[in-house]
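Structure file query_30.txt with compact mmCIF, C-alpha atoms:
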```txt
# COMPACT_ATOMS: atom_id res chain seq x y z
CA MET A 19 173.29 39.65 82.56
CA SER A 20 175.93 42.33 82.03
CA GLN A 21 177.82 42.59 78.77
CA LYS A 22 181.59 42.40 78.32
CA PRO A 23 183.36 45.44 76.84
CA ILE A 24 183.52 45.33 73.04
CA GLU A 25 187.31 45.08 73.18
CA LEU A 26 187.07 41.80 75.09
CA ILE A 27 184.37 40.52 72.76
CA LEU A 28 186.47 41.27 69.68
CA MET A 29 189.57 39.78 71.32
CA ARG A 30 187.70 36.56 72.06
CA GLN A 31 186.41 36.40 68.51
CA LEU A 32 189.92 36.90 67.16
CA ALA A 33 191.41 34.37 69.59
CA SER A 34 188.81 31.83 68.53
CA THR A 35 190.20 31.90 65.00
CA LEU A 36 193.93 31.72 65.80
CA ALA A 37 196.18 28.69 66.11
CA MET A 38 198.31 29.92 69.00
CA PRO A 39 197.21 29.52 72.61
CA ILE A 40 195.51 32.68 73.93
CA PHE A 41 194.09 33.37 77.37
CA LEU A 42 191.94 36.40 78.14
CA VAL A 43 191.10 38.05 81.47
CA ASP A 44 188.89 41.00 82.39
CA ALA A 45 189.86 44.10 84.37
CA ASP A 46 189.66 42.19 87.66
CA GLY A 47 191.93 39.46 86.34
CA THR A 48 189.02 37.06 86.11
CA LEU A 49 189.51 34.40 83.46
CA ALA A 50 187.10 35.32 80.66
CA PHE A 51 188.12 32.91 77.90
CA TYR A 52 190.84 30.72 76.47
CA ASN A 53 190.89 29.25 72.99
CA GLU A 54 191.21 25.68 71.72
CA PRO A 55 195.02 25.73 71.28
CA ALA A 56 195.24 26.91 74.90
CA GLU A 57 193.00 24.05 75.96
CA ARG A 58 195.62 21.61 74.69
CA VAL A 59 198.33 23.21 76.86
CA LEU A 60 196.17 23.75 79.92
CA GLY A 61 194.73 20.28 79.75
CA MET A 62 191.07 21.17 79.98
CA ARG A 63 188.37 22.61 77.74
CA PHE A 64 187.21 26.15 78.50
CA GLU A 65 183.64 24.88 78.66
CA GLU A 66 184.72 22.74 81.62
CA THR A 67 186.54 25.44 83.58
CA GLY A 68 184.33 28.41 82.63
CA GLU A 69 185.04 31.85 84.00
CA MET A 70 187.22 31.82 87.09
CA PRO A 71 188.48 34.46 89.56
CA ALA A 72 192.17 35.39 89.39
CA GLY A 73 192.89 33.81 92.76
CA GLU A 74 191.65 30.50 91.41
CA TRP A 75 193.12 30.31 87.90
CA SER A 76 196.49 31.67 89.01
CA THR A 77 196.95 28.65 91.26
CA ILE A 78 194.95 25.89 89.58
CA TRP A 79 197.70 25.32 87.05
CA THR A 80 200.30 25.54 89.85
CA PRO A 81 202.81 27.89 88.19
CA THR A 82 206.35 27.33 89.42
CA ARG A 83 209.89 28.48 88.69
CA ALA A 84 212.45 26.15 87.12
CA ASP A 85 213.59 25.03 90.58
CA GLY A 86 210.03 24.05 91.47
CA SER A 87 209.36 26.92 93.88
CA PRO A 88 205.88 28.48 93.55
CA LEU A 89 205.53 31.54 91.34
CA ALA A 90 203.36 34.18 92.99
CA ALA A 91 200.24 35.08 91.01
CA GLU A 92 201.26 38.71 90.77
CA ARG A 93 204.48 37.70 88.96
CA LEU A 94 202.62 36.01 86.12
CA PRO A 95 202.90 38.09 82.92
CA LEU A 96 199.12 38.32 82.62
CA MET A 97 198.71 39.71 86.12
CA ILE A 98 201.56 42.17 85.55
CA ALA A 99 199.81 43.37 82.38
CA VAL A 100 196.57 44.00 84.29
CA ALA A 101 198.08 45.50 87.41
CA GLU A 102 200.90 47.55 85.91
CA ARG A 103 199.29 48.37 82.54
CA LYS A 104 202.30 47.30 80.55
CA PRO A 105 203.37 44.33 78.44
CA ALA A 106 205.15 41.55 80.25
CA HIS A 107 207.04 38.43 79.24
CA GLY A 108 208.19 35.46 81.25
CA ASP A 109 208.77 31.73 81.37
CA PHE A 110 207.65 29.29 84.04
CA TRP A 111 206.28 25.81 84.57
CA ILE A 112 202.67 24.79 84.92
CA ARG A 113 200.91 21.53 85.59
CA GLY A 114 198.04 21.05 83.15
CA LEU A 115 194.74 19.78 84.45
CA ASP A 116 195.58 16.59 82.58
CA GLY A 117 198.48 16.16 85.05
CA THR A 118 201.27 16.97 82.58
CA ARG A 119 204.02 19.42 83.65
CA ARG A 120 204.92 21.88 80.90
CA HIS A 121 207.49 24.64 80.41
CA ILE A 122 205.66 27.76 79.25
CA GLU A 123 206.79 31.02 77.72
CA ALA A 124 204.21 33.80 77.82
CA THR A 125 203.80 37.33 76.52
CA ALA A 126 200.96 39.43 77.89
CA PHE A 127 199.62 42.88 77.13
CA PRO A 128 196.85 45.01 78.61
CA LEU A 129 193.69 45.99 76.73
CA MET A 130 193.15 49.71 77.29
CA ARG A 131 190.59 52.25 76.10
CA LEU A 132 191.17 55.85 75.05
CA THR A 133 191.67 56.75 78.67
CA ASP A 134 194.09 54.80 80.77
CA HIS A 135 191.56 52.41 82.22
CA VAL A 136 192.31 48.74 81.73
CA LEU A 137 189.55 46.53 80.35
CA GLY A 138 191.50 43.31 80.69
CA ALA A 139 194.59 41.62 79.33
CA VAL A 140 195.62 38.96 76.86
CA VAL A 141 198.41 36.45 77.07
CA ILE A 142 199.83 34.49 74.17
CA PHE A 143 201.78 31.51 75.38
CA TRP A 144 203.47 28.44 74.08
CA GLU A 145 205.16 25.33 75.34
CA THR A 146 208.94 25.44 75.05
CA PRO A 147 211.59 22.76 75.49
CA SER A 148 212.72 22.62 79.12
CA MET B 263 158.98 59.54 73.28
CA ARG B 264 158.45 59.72 69.52
CA ALA B 265 160.92 58.64 66.85
CA ARG B 266 160.77 59.60 63.21
CA LEU B 267 162.99 58.13 60.52
CA TRP B 268 164.41 60.75 58.14
CA GLY B 269 166.98 58.50 56.48
CA THR B 270 167.12 54.71 56.50
CA ARG B 271 169.65 53.94 53.76
CA GLY B 272 173.18 52.71 54.41
CA SER B 273 176.49 53.47 52.70
CA VAL B 274 175.32 56.03 50.15
CA ALA B 275 172.08 57.79 49.28
CA ALA B 276 169.94 55.83 46.82
CA PRO B 277 167.10 58.00 45.56
CA GLY B 278 164.78 56.78 42.83
CA ALA B 279 161.40 55.32 42.06
CA ASP B 280 162.46 51.82 43.06
CA THR B 281 163.56 52.92 46.55
CA ALA B 282 160.79 55.44 47.21
CA ARG B 283 158.86 53.31 49.70
CA TYR B 284 161.73 52.69 52.15
CA GLY B 285 163.61 55.82 51.18
CA GLY B 286 166.93 56.86 49.70
CA ASN B 287 168.37 59.20 52.34
CA THR B 288 171.14 57.97 54.61
CA SER B 289 170.93 57.53 58.38
CA CYS B 290 169.05 60.10 60.40
CA VAL B 291 166.46 59.62 63.15
CA GLU B 292 164.68 62.36 65.09
CA VAL B 293 163.79 61.53 68.69
CA ARG B 294 161.46 63.89 70.50
CA GLY B 295 160.88 63.62 74.25
CA PRO B 296 157.63 64.17 76.10
CA GLN B 297 158.89 67.59 77.24
CA GLY B 298 159.97 68.60 73.77
CA THR B 299 163.72 67.85 73.78
CA VAL B 300 164.87 67.13 70.23
CA LEU B 301 167.68 64.63 69.76
CA VAL B 302 168.93 63.74 66.30
CA LEU B 303 170.66 60.43 65.73
CA ASP B 304 173.24 60.72 62.96
CA ALA B 305 173.63 63.32 60.27
CA GLY B 306 173.23 61.41 57.03
CA THR B 307 171.46 63.04 54.12
CA GLY B 308 168.15 62.62 55.97
CA ILE B 309 169.15 65.46 58.28
CA ARG B 310 168.66 68.01 55.49
CA PRO B 311 164.85 67.70 55.29
CA LEU B 312 164.74 67.37 59.09
CA GLY B 313 166.55 70.69 59.41
CA ARG B 314 163.99 72.32 57.15
CA ALA B 315 161.16 70.93 59.27
CA LEU B 316 162.76 72.25 62.46
CA GLU B 317 163.30 75.79 61.18
CA GLY B 318 161.89 78.35 63.60
CA THR B 319 160.66 75.76 66.09
CA LEU B 320 163.49 75.48 68.62
CA ARG B 321 166.46 77.15 70.28
CA ARG B 322 168.61 74.11 70.87
CA VAL B 323 169.08 70.82 69.10
CA ASP B 324 171.47 67.97 69.93
CA VAL B 325 172.89 65.73 67.22
CA VAL B 326 174.63 62.54 68.30
CA LEU B 327 176.78 60.65 65.81
CA THR B 328 177.41 56.92 65.91
CA HIS B 329 180.61 57.29 63.90
CA LEU B 330 182.12 59.43 61.20
CA HIS B 331 181.65 57.36 58.06
CA LEU B 332 180.38 59.65 55.32
CA ASP B 333 176.86 58.25 55.19
CA HIS B 334 176.44 59.42 58.79
CA ILE B 335 177.82 62.96 58.42
CA GLN B 336 177.20 63.87 54.80
CA GLY B 337 174.07 65.88 55.57
CA LEU B 338 175.58 67.84 58.45
CA GLY B 339 176.69 70.83 56.40
CA PHE B 340 173.17 71.13 55.00
CA PHE B 341 171.39 71.14 58.39
CA ALA B 342 169.60 74.49 58.43
CA PRO B 343 169.76 75.09 62.22
CA LEU B 344 173.58 75.33 61.93
CA TYR B 345 173.18 78.64 60.14
CA ASP B 346 170.36 80.02 62.30
CA PRO B 347 171.82 82.52 64.81
CA ASP B 348 168.95 81.81 67.19
CA VAL B 349 169.70 78.09 67.45
CA GLU B 350 172.46 76.36 69.35
CA THR B 351 173.43 73.03 67.81
CA HIS B 352 175.30 70.59 70.02
CA LEU B 353 177.13 67.88 68.12
CA TRP B 354 178.31 64.78 69.98
CA GLY B 355 180.56 62.22 68.34
CA PRO B 356 183.36 59.78 69.12
CA ALA B 357 186.98 60.87 69.29
CA SER B 358 189.73 58.53 68.14
CA THR B 359 192.81 57.56 70.12
CA THR B 360 194.68 60.51 68.63
CA LEU B 361 192.10 63.08 67.49
CA GLY B 362 189.11 64.76 69.09
CA LEU B 363 185.80 65.13 67.31
CA ARG B 364 186.75 68.55 65.90
CA GLY B 365 189.97 67.30 64.37
CA ARG B 366 188.25 64.29 62.86
CA LEU B 367 185.31 66.26 61.43
CA GLN B 368 187.56 68.94 59.97
CA ARG B 369 188.94 66.41 57.56
CA TYR B 370 185.59 66.47 55.81
CA LEU B 371 184.10 69.84 56.76
CA SER B 372 186.81 71.97 55.18
CA PRO B 373 187.90 72.84 51.63
CA PRO B 374 188.34 71.26 49.19
CA LEU B 375 185.79 68.65 50.28
CA PHE B 376 183.33 71.20 51.70
CA PRO B 377 183.28 74.96 51.08
CA VAL B 378 182.65 76.03 54.68
CA HIS B 379 185.21 75.64 57.46
CA LEU B 380 183.95 74.01 60.62
CA ARG B 381 185.32 76.95 62.61
CA ASP B 382 183.10 79.36 60.66
CA ILE B 383 179.89 77.67 61.75
CA ARG B 384 178.89 79.74 64.75
CA GLY B 385 176.45 78.30 67.25
CA LEU B 386 177.91 74.83 66.78
CA VAL B 387 179.16 73.28 70.02
CA LEU B 388 181.22 70.11 69.68
CA HIS B 389 181.45 67.43 72.36
CA ASP B 390 183.81 64.47 72.40
CA LEU B 391 181.34 61.72 73.16
CA PRO B 392 181.65 60.22 76.61
CA ILE B 393 181.37 56.43 76.72
CA GLY B 394 178.78 55.58 79.34
CA GLU B 395 175.73 57.46 80.59
CA PHE B 396 175.02 61.17 80.32
CA ASP B 397 172.00 63.46 80.06
CA ILE B 398 170.79 65.51 77.15
CA GLY B 399 167.74 67.47 78.26
CA GLU B 400 165.16 64.99 79.44
CA PHE B 401 166.97 62.05 77.82
CA ARG B 402 169.24 59.66 79.64
CA VAL B 403 171.70 58.64 76.94
CA THR B 404 173.98 55.63 77.12
CA ALA B 405 176.74 55.35 74.53
CA ASP B 406 178.89 52.28 74.14
CA ARG B 407 181.28 51.00 71.51
CA ILE B 408 179.93 48.32 69.22
CA CYS B 409 181.34 46.05 66.55
CA HIS B 410 181.88 48.14 63.40
CA PRO B 411 185.15 49.35 61.85
CA GLY B 412 186.62 52.46 63.46
CA PHE B 413 185.32 54.22 66.53
CA THR B 414 181.64 53.40 66.42
CA VAL B 415 179.05 53.56 69.14
CA GLY B 416 175.45 52.55 69.61
CA TYR B 417 172.98 54.45 71.77
CA ARG B 418 170.35 53.64 74.35
CA ILE B 419 168.01 56.56 74.96
CA ALA B 420 165.56 56.60 77.84
CA ALA B 421 162.88 59.10 78.82
CA GLY B 422 159.54 58.88 80.56
CA GLY B 423 159.91 55.15 81.14
CA ALA B 424 160.46 54.37 77.44
CA THR B 425 163.67 53.11 75.85
CA LEU B 426 164.95 53.34 72.31
CA ALA B 427 168.13 51.56 71.17
CA TYR B 428 169.90 52.71 68.02
CA LEU B 429 172.60 50.51 66.49
CA SER B 430 172.67 51.71 62.93
CA ASP B 431 175.92 50.03 61.88
CA HIS B 432 176.57 46.84 63.74
CA GLU B 433 178.04 43.42 63.05
CA PRO B 434 177.54 41.41 66.23
CA ALA B 435 177.94 38.14 64.32
CA LEU B 436 181.56 38.85 63.34
CA GLY B 437 183.68 35.82 64.13
CA VAL B 438 180.76 33.92 65.65
CA PRO B 439 180.13 30.66 63.77
CA ARG B 440 176.67 30.08 65.27
CA PHE B 441 175.22 33.47 66.12
CA PRO B 442 174.25 34.45 68.75
CA LEU B 443 176.66 33.59 71.51
CA ARG B 444 175.72 34.13 75.14
CA ALA B 445 174.24 37.57 75.75
CA ASP B 446 177.20 38.82 77.79
CA TRP B 447 179.54 38.03 74.89
CA THR B 448 177.39 39.77 72.29
CA SER B 449 178.28 43.24 71.07
CA GLY B 450 175.49 45.75 71.69
CA TYR B 451 173.46 43.54 74.00
CA ALA B 452 173.53 45.91 76.98
CA LEU B 453 172.30 48.77 74.81
CA ALA B 454 169.46 46.83 73.25
CA ARG B 455 168.28 44.75 76.22
CA ASP B 456 164.51 45.04 76.73
CA ALA B 457 164.32 48.10 74.48
CA ASP B 458 160.84 49.23 73.54
CA LEU B 459 162.13 50.13 70.10
CA LEU B 460 165.32 48.75 68.56
CA VAL B 461 166.55 50.40 65.36
CA HIS B 462 169.20 48.07 63.98
CA ASP B 463 171.42 47.51 60.98
CA ALA B 464 169.92 45.02 58.51
CA GLN B 465 172.00 45.65 55.42
CA TYR B 466 172.39 42.21 53.91
CA ALA B 467 170.69 38.99 53.00
CA LEU B 468 172.59 36.08 54.53
CA PRO B 469 174.40 35.03 51.31
CA GLU B 470 175.50 38.65 50.84
CA TYR B 471 176.77 38.83 54.40
CA GLU B 472 178.99 35.85 53.80
CA GLU B 473 180.76 37.89 51.10
CA HIS B 474 181.03 40.96 53.37
CA VAL B 475 182.21 39.55 56.68
CA GLY B 476 184.07 42.25 58.58
CA TRP B 477 182.45 45.16 56.76
CA GLY B 478 180.58 46.04 59.93
CA HIS B 479 176.99 45.20 59.00
CA SER B 480 174.39 42.55 59.69
CA ALA B 481 172.44 40.02 57.74
CA LEU B 482 168.71 40.28 58.42
CA GLU B 483 168.84 36.84 60.03
CA HIS B 484 171.44 38.13 62.50
CA THR B 485 169.40 41.26 63.17
CA LEU B 486 166.36 39.16 64.04
CA ALA B 487 168.41 36.82 66.24
CA PHE B 488 169.96 39.82 67.99
CA ALA B 489 166.54 41.37 68.66
CA GLU B 490 165.34 38.07 70.07
CA LEU B 491 168.41 37.72 72.29
CA ALA B 492 167.96 41.27 73.58
CA ALA B 493 164.21 40.74 74.12
CA ALA B 494 163.44 43.96 72.28
CA ARG B 495 159.74 44.64 71.91
CA HIS B 496 159.78 46.19 68.48
CA LEU B 497 162.52 45.88 65.87
CA VAL B 498 162.91 48.40 63.06
CA THR B 499 165.29 47.23 60.36
CA PHE B 500 167.60 49.99 59.17
CA HIS B 501 170.63 50.90 57.05
CA HIS B 502 169.27 49.24 53.93
CA ASP B 503 171.85 48.42 51.29
CA PRO B 504 171.80 50.96 48.44
CA ALA B 505 171.72 48.09 45.95
CA HIS B 506 168.41 46.82 47.33
CA ASP B 507 165.21 48.23 45.89
CA ASP B 508 161.93 48.09 47.81
CA GLU B 509 160.95 44.74 46.36
CA ALA B 510 164.30 43.20 47.25
CA ILE B 511 163.98 44.44 50.84
CA ASP B 512 160.49 42.93 51.09
CA ARG B 513 161.70 39.62 49.70
CA MET B 514 164.78 39.46 51.96
CA THR B 515 162.75 40.36 55.02
CA ALA B 516 160.14 37.68 54.33
CA GLU B 517 162.86 35.05 53.84
CA ALA B 518 164.69 36.04 57.00
CA ARG B 519 161.54 36.11 59.09
CA ALA B 520 160.63 32.64 57.90
CA ALA B 521 164.07 31.40 58.92
CA VAL B 522 164.34 33.18 62.29
CA PRO B 523 161.11 33.39 64.27
CA VAL B 524 161.02 36.22 66.82
CA ARG B 525 158.59 37.32 69.48
CA CYS B 526 158.87 41.04 68.82
CA THR B 527 157.07 43.19 66.29
CA VAL B 528 159.21 43.71 63.18
CA THR B 529 158.92 46.74 60.92
CA THR B 530 161.02 47.50 57.89
CA GLY B 531 162.43 50.98 58.44
CA ALA B 532 160.90 53.45 55.99
CA GLU B 533 161.70 57.12 55.56
CA GLY B 534 158.97 59.18 57.20
CA ALA B 535 157.80 56.42 59.53
CA VAL B 536 156.90 57.59 63.03
CA PHE B 537 156.99 55.41 66.14
CA GLU B 538 155.49 56.13 69.53
CA VAL B 539 157.96 54.53 71.94
CA GLY B 540 156.86 53.00 75.23
```
structure tokens encoding of this file:
Amino acid sequence: MSQKPIELILMRQLASTLAMPIFLVDADGTLAFYNEPAERVLGMRFEETGEMPAGEWSTIWTPTRADGSPLAAERLPLMIAVAERKPAHGDFWIRGLDGTRRHIEATAFPLMRLTDHVLGAVVIFWETPS
Amino acid sequence: MRARLWGTRGSVAAPGADTARYGGNTSCVEVRGPQGTVLVLDAGTGIRPLGRALEGTLRRVDVVLTHLHLDHIQGLGFFAPLYDPDVETHLWGPASTTLGLRGRLQRYLSPPLFPVHLRDIRGLVLHDLPIGEFDIGEFRVTADRICHPGFTVGYRIAAGGATLAYLSDHEPALGVPRFPLRADWTSGYALARDADLLVHDAQYALPEYEEHVGWGHSALEHTLAFAELAAARHLVTFHHDPAHDDEAIDRMTAEARAAVPVRCTVTTGAEGAVFEVG
């Protein structure tokens, strides 16, 4: 079993202690972890979803724009942070796995080492009034 | 591969009659390969007697640092090979996000904290430590960042089919309510996995750890659980707290071992101890 980079491990440990929803992906965009506050917004416990490739998690919560049109995975702040190595912010709608549609605002940033290689990214998000 | 402990103490040297059995010098381990390559892990005060022992025996020595806290570099300026014109000393240590190893070390190895300037030590070759795998003589060295404040690494050293893992300052239980988590989410796991010899931080008893969460060190119970998770074959406890005398270390170790059964051999790290690895 391979080990996650220490930066991801520390980020997960920090996220586990915080009250705001946090979602963590690795360098490939694979879902690595989300914390308990995020579980409430996403409608499912992390233990139930487990790790998940980007192509899967970026559609499973069916992100859409305000008009209901699909939001491409690469336009999600988290994917921008991984791909473009820069912070990103945005708002969109998701449908939680409990069936509830929610308006989300999200701020993501990449996790980078000394060099410019990306180890993953973190998004902090919250439900906002529509 | 043979490993000899020259300094087992953490934080600050603790000489005295009550620490004589496990030793008072700070972190330093000599690793000698089957073909004679000498690799020194950390430059705590234990490196001073090691330097004396090496005098006149080699032309090159490599010192790898886990991090730059004082207890890991305090002996460096007193390492005799540095001042021997016939010896080349290669020093490997982690850079920060803004400073290379030279810039970081100069903060200590320069007046007024130390009388000799780093630049005046001829025969010293500095290397910003690469994260990942690299070779030093016959050793395959793997360095990776581990959970400890600042830029800190652990090492996995392989030669002749034997593996030694060295995680002198390590707090893998930080933020983990029921340690250990899954192996892939555990700091240091990849370095320590299946190691023939694991030298690992064991600074605290569990009640002490609870008062020092985030300081970067392990309770003995965590050290044992980590060794078990990594399936190490032989654990050497290391980086003893300077406040613990020999009797306290014996007592803590017995209590921890009763609480956390492990399959591997466990040895309390003692200055002067020698281990044949593999």
Expressed in Å to a single decimal, how great is the separation between atom CA of Val300 of chain B and atom CA of Leu267 of chain B? 13.4 Å
Using all atoms listed in the file, can you tell me which of B:Leu386, B:Ala305, B:Leu330, B:Arg364 comes closest to Tyr345 of chain B? B:Leu386
Interface rows for chain B against chain A: nearest pair, Å to one decimal, 12 Å, all atoms listed in the file, as a tab-separated table:
```
residue	atom	partner	partner_atom	distance
B:Pro356	CA	A:Leu132	CA	10.6
B:Ala357	CA	A:Leu132	CA	8.7
B:Ser358	CA	A:Leu132	CA	7.6
B:Thr359	CA	A:Leu132	CA	5.5
B:Thr360	CA	A:Leu132	CA	8.7
B:Leu361	CA	A:Leu132	CA	10.5
B:Gly362	CA	A:Leu132	CA	10.9
B:Asp390	CA	A:Leu132	CA	11.6
B:Leu391	CA	A:Leu132	CA	11.6
B:Pro392	CA	A:Leu132	CA	10.6
B:Ile393	CA	A:Leu132	CA	10.0
B:Gly394	CA	A:Pro23	CA	11.4
B:Asp406	CA	A:Ile24	CA	8.4
B:Arg407	CA	A:Ile24	CA	6.3
B:Ile408	CA	A:Ile24	CA	6.0
B:Cys409	CA	A:Ile24	CA	6.9
B:His410	CA	A:Ile24	CA	10.2
B:Pro411	CA	A:Leu28	CA	11.3
B:Phe413	CA	A:Leu132	CA	10.5
B:Thr414	CA	A:Ile24	CA	10.6
B:Val415	CA	A:Ile24	CA	10.1
B:Gly416	CA	A:Ile24	CA	11.4
B:His432	CA	A:Ile24	CA	11.7
B:Glu433	CA	A:Leu28	CA	10.9
B:Pro434	CA	A:Ile27	CA	9.5
B:Ala435	CA	A:Gln31	CA	9.6
B:Leu436	CA	A:Gln31	CA	7.5
B:Gly437	CA	A:Gln31	CA	5.2
B:Val438	CA	A:Gln31	CA	6.8
B:Pro439	CA	A:Gln31	CA	9.7
B:Phe441	CA	A:Gln31	CA	11.8
B:Leu443	CA	A:Ile27	CA	10.4
B:Arg444	CA	A:Gln21	CA	9.4
B:Ala445	CA	A:Gln21	CA	6.9
B:Asp446	CA	A:Gln21	CA	3.9
B:Trp447	CA	A:Ile27	CA	5.8
B:Thr448	CA	A:Ile27	CA	7.0
B:Ser449	CA	A:Ile24	CA	6.0
B:Gly450	CA	A:Gln21	CA	8.1
B:Tyr451	CA	A:Gln21	CA	6.5
B:Ala452	CA	A:Gln21	CA	5.7
B:Leu453	CA	A:Gln21	CA	9.2
B:Ala454	CA	A:Gln21	CA	10.9
B:Arg455	CA	A:Met19	CA	9.6
B:Asp456	CA	A:Met19	CA	11.8
B:Gly476	CA	A:Leu28	CA	11.4
B:Leu491	CA	A:Met19	CA	11.5
B:Ala492	CA	A:Met19	CA	10.6
```
What gap, in Å, lies between atom CA of Met62 of chain A and atom CA of Asp44 of chain A? 20.1 Å
Box time for segment 358-371 of chain B: axis-aligned, enclosing all its listed atoms, 3 Å extra on each side; report centre and edge lengths in Å to one decimal, as AutoDock Vina command-line options.
```
--center_x 189.4 --center_y 63.7 --center_z 63.0 --size_x 16.6 --size_y 18.3 --size_z 20.3
```
Would you kindly return, as a list of chain:residue names, each protein, DNA or RNA residue with an atom no farther than 8 Å from any atom of Gly531 of chain B, considering all atoms listed in the file and excluding same-chain residues fewer than 3 positions away? B:Leu267, B:Thr270, B:Tyr284, B:Val498, B:Thr499, B:Phe500, B:Ala535
Residues near Leu89 of chain A, anyone? I mean within 12 Å using all atoms listed in the file, not counting same-chain ones fewer than 6 positions away, as an MDAnalysis selection string. chainID A and resid 76:77 79:83 95 97 108:112
When you draw a straight line from atom CA of His334 of chain B to atom CA of Ile383 of chain B, how long is it in Å?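 Computing the Euclidean distance for atom CA of His334 of chain B and atom CA of Ile383 of chain B yields 18.8 Å.
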Taking 3 positions as the minimum chain separation for residues in the same chain, which residues sit within 8 Å of Arg103 of chain A when counting all atoms listed in the file? Answer as a VMD selection string. chain A and resid 98 to 100 127 to 128 136
Determine the nearest neighbour of Glu538 of chain B from the options B:Ala521, B:Gly269, B:Asp458, B:Arg322, counting all atoms listed in the file.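 Closest candidate: B:Asp458.
Each of A:Glu92, A:Glu54, A:Glu145, A:Glu65 was checked against Arg119 of chain A using only C-alpha atoms; the smallest atom-to-atom distance is that of A:Glu145.
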Find the spatial neighbours of segment 292-298 of chain B, counting only C-alpha atoms, within a cut-off of 10 Å - ignore same-chain residues fewer than 4 positions away - and output them as a PyMOL selection string. chain B and resi 263-269+302-304+308-309+312+320+325+399-401+419-422+424+426+536-539
Keeping C-alpha atoms for every residue in the selection just given, could you write it to a file as an mmCIF file, in the frame of the given file?
```
data_model
loop_
_atom_site.group_PDB
_atom_site.id
_atom_site.type_symbol
_atom_site.label_atom_id
_atom_site.label_comp_id
_atom_site.auth_asym_id
_atom_site.auth_seq_id
_atom_site.Cartn_x
_atom_site.Cartn_y
_atom_site.Cartn_z
ATOM 1 C CA MET B 263 158.980 59.540 73.280
ATOM 2 C CA ARG B 264 158.450 59.720 69.520
ATOM 3 C CA ALA B 265 160.920 58.640 66.850
ATOM 4 C CA ARG B 266 160.770 59.600 63.210
ATOM 5 C CA LEU B 267 162.990 58.130 60.520
ATOM 6 C CA TRP B 268 164.410 60.750 58.140
ATOM 7 C CA GLY B 269 166.980 58.500 56.480
ATOM 8 C CA VAL B 302 168.930 63.740 66.300
ATOM 9 C CA LEU B 303 170.660 60.430 65.730
ATOM 10 C CA ASP B 304 173.240 60.720 62.960
ATOM 11 C CA GLY B 308 168.150 62.620 55.970
ATOM 12 C CA ILE B 309 169.150 65.460 58.280
ATOM 13 C CA LEU B 312 164.740 67.370 59.090
ATOM 14 C CA LEU B 320 163.490 75.480 68.620
ATOM 15 C CA VAL B 325 172.890 65.730 67.220
ATOM 16 C CA GLY B 399 167.740 67.470 78.260
ATOM 17 C CA GLU B 400 165.160 64.990 79.440
ATOM 18 C CA PHE B 401 166.970 62.050 77.820
ATOM 19 C CA ILE B 419 168.010 56.560 74.960
ATOM 20 C CA ALA B 420 165.560 56.600 77.840
ATOM 21 C CA ALA B 421 162.880 59.100 78.820
ATOM 22 C CA GLY B 422 159.540 58.880 80.560
ATOM 23 C CA ALA B 424 160.460 54.370 77.440
ATOM 24 C CA LEU B 426 164.950 53.340 72.310
ATOM 25 C CA VAL B 536 156.900 57.590 63.030
ATOM 26 C CA PHE B 537 156.990 55.410 66.140
ATOM 27 C CA GLU B 538 155.490 56.130 69.530
ATOM 28 C CA VAL B 539 157.960 54.530 71.940
#
```
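The residue that comes closest to Leu429 of chain B, out of B:Val475, B:Val291, B:Val349, B:Val274 and on the basis of all atoms listed in the file, is B:Val291.
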Using only C-alpha atoms, which protein or nucleic acid residues come within 7 Å of segment 313-319 of chain B? Drop anything in the same chain fewer than 2 positions from it, and give the result as a list of chain:residue names. B:Ile309, B:Arg310, B:Pro311, B:Phe341, B:Ala342, B:Pro343
Could you rebuild segment 342-350 of chain B with N, CA and C atoms and give it back as a CSV table (one decimal), keeping the file's coordinate frame?
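Below is the file part.csv, written as the result:
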```
chain,number,residue,atom,x,y,z
B,342,ALA,N,169.9,73.1,58.3
B,342,ALA,CA,169.6,74.5,58.4
B,342,ALA,C,169.8,75.1,59.8
B,343,PRO,N,169.5,74.4,60.9
B,343,PRO,CA,169.8,75.1,62.2
B,343,PRO,C,171.2,75.5,62.5
B,344,LEU,N,172.2,74.9,61.8
B,344,LEU,CA,173.6,75.3,61.9
B,344,LEU,C,173.8,76.8,61.6
B,345,TYR,N,173.0,77.3,60.7
B,345,TYR,CA,173.2,78.6,60.1
B,345,TYR,C,172.1,79.6,60.7
B,346,ASP,N,171.4,79.2,61.7
B,346,ASP,CA,170.4,80.0,62.3
B,346,ASP,C,171.0,80.6,63.6
B,347,PRO,N,171.2,81.9,63.6
B,347,PRO,CA,171.8,82.5,64.8
B,347,PRO,C,171.0,82.3,66.1
B,348,ASP,N,169.8,82.0,66.0
B,348,ASP,CA,169.0,81.8,67.2
B,348,ASP,C,169.0,80.4,67.7
B,349,VAL,N,169.7,79.5,67.0
B,349,VAL,CA,169.7,78.1,67.4
B,349,VAL,C,171.1,77.7,67.8
B,350,GLU,N,171.2,77.0,68.9
B,350,GLU,CA,172.5,76.4,69.4
B,350,GLU,C,172.4,74.9,69.0
```
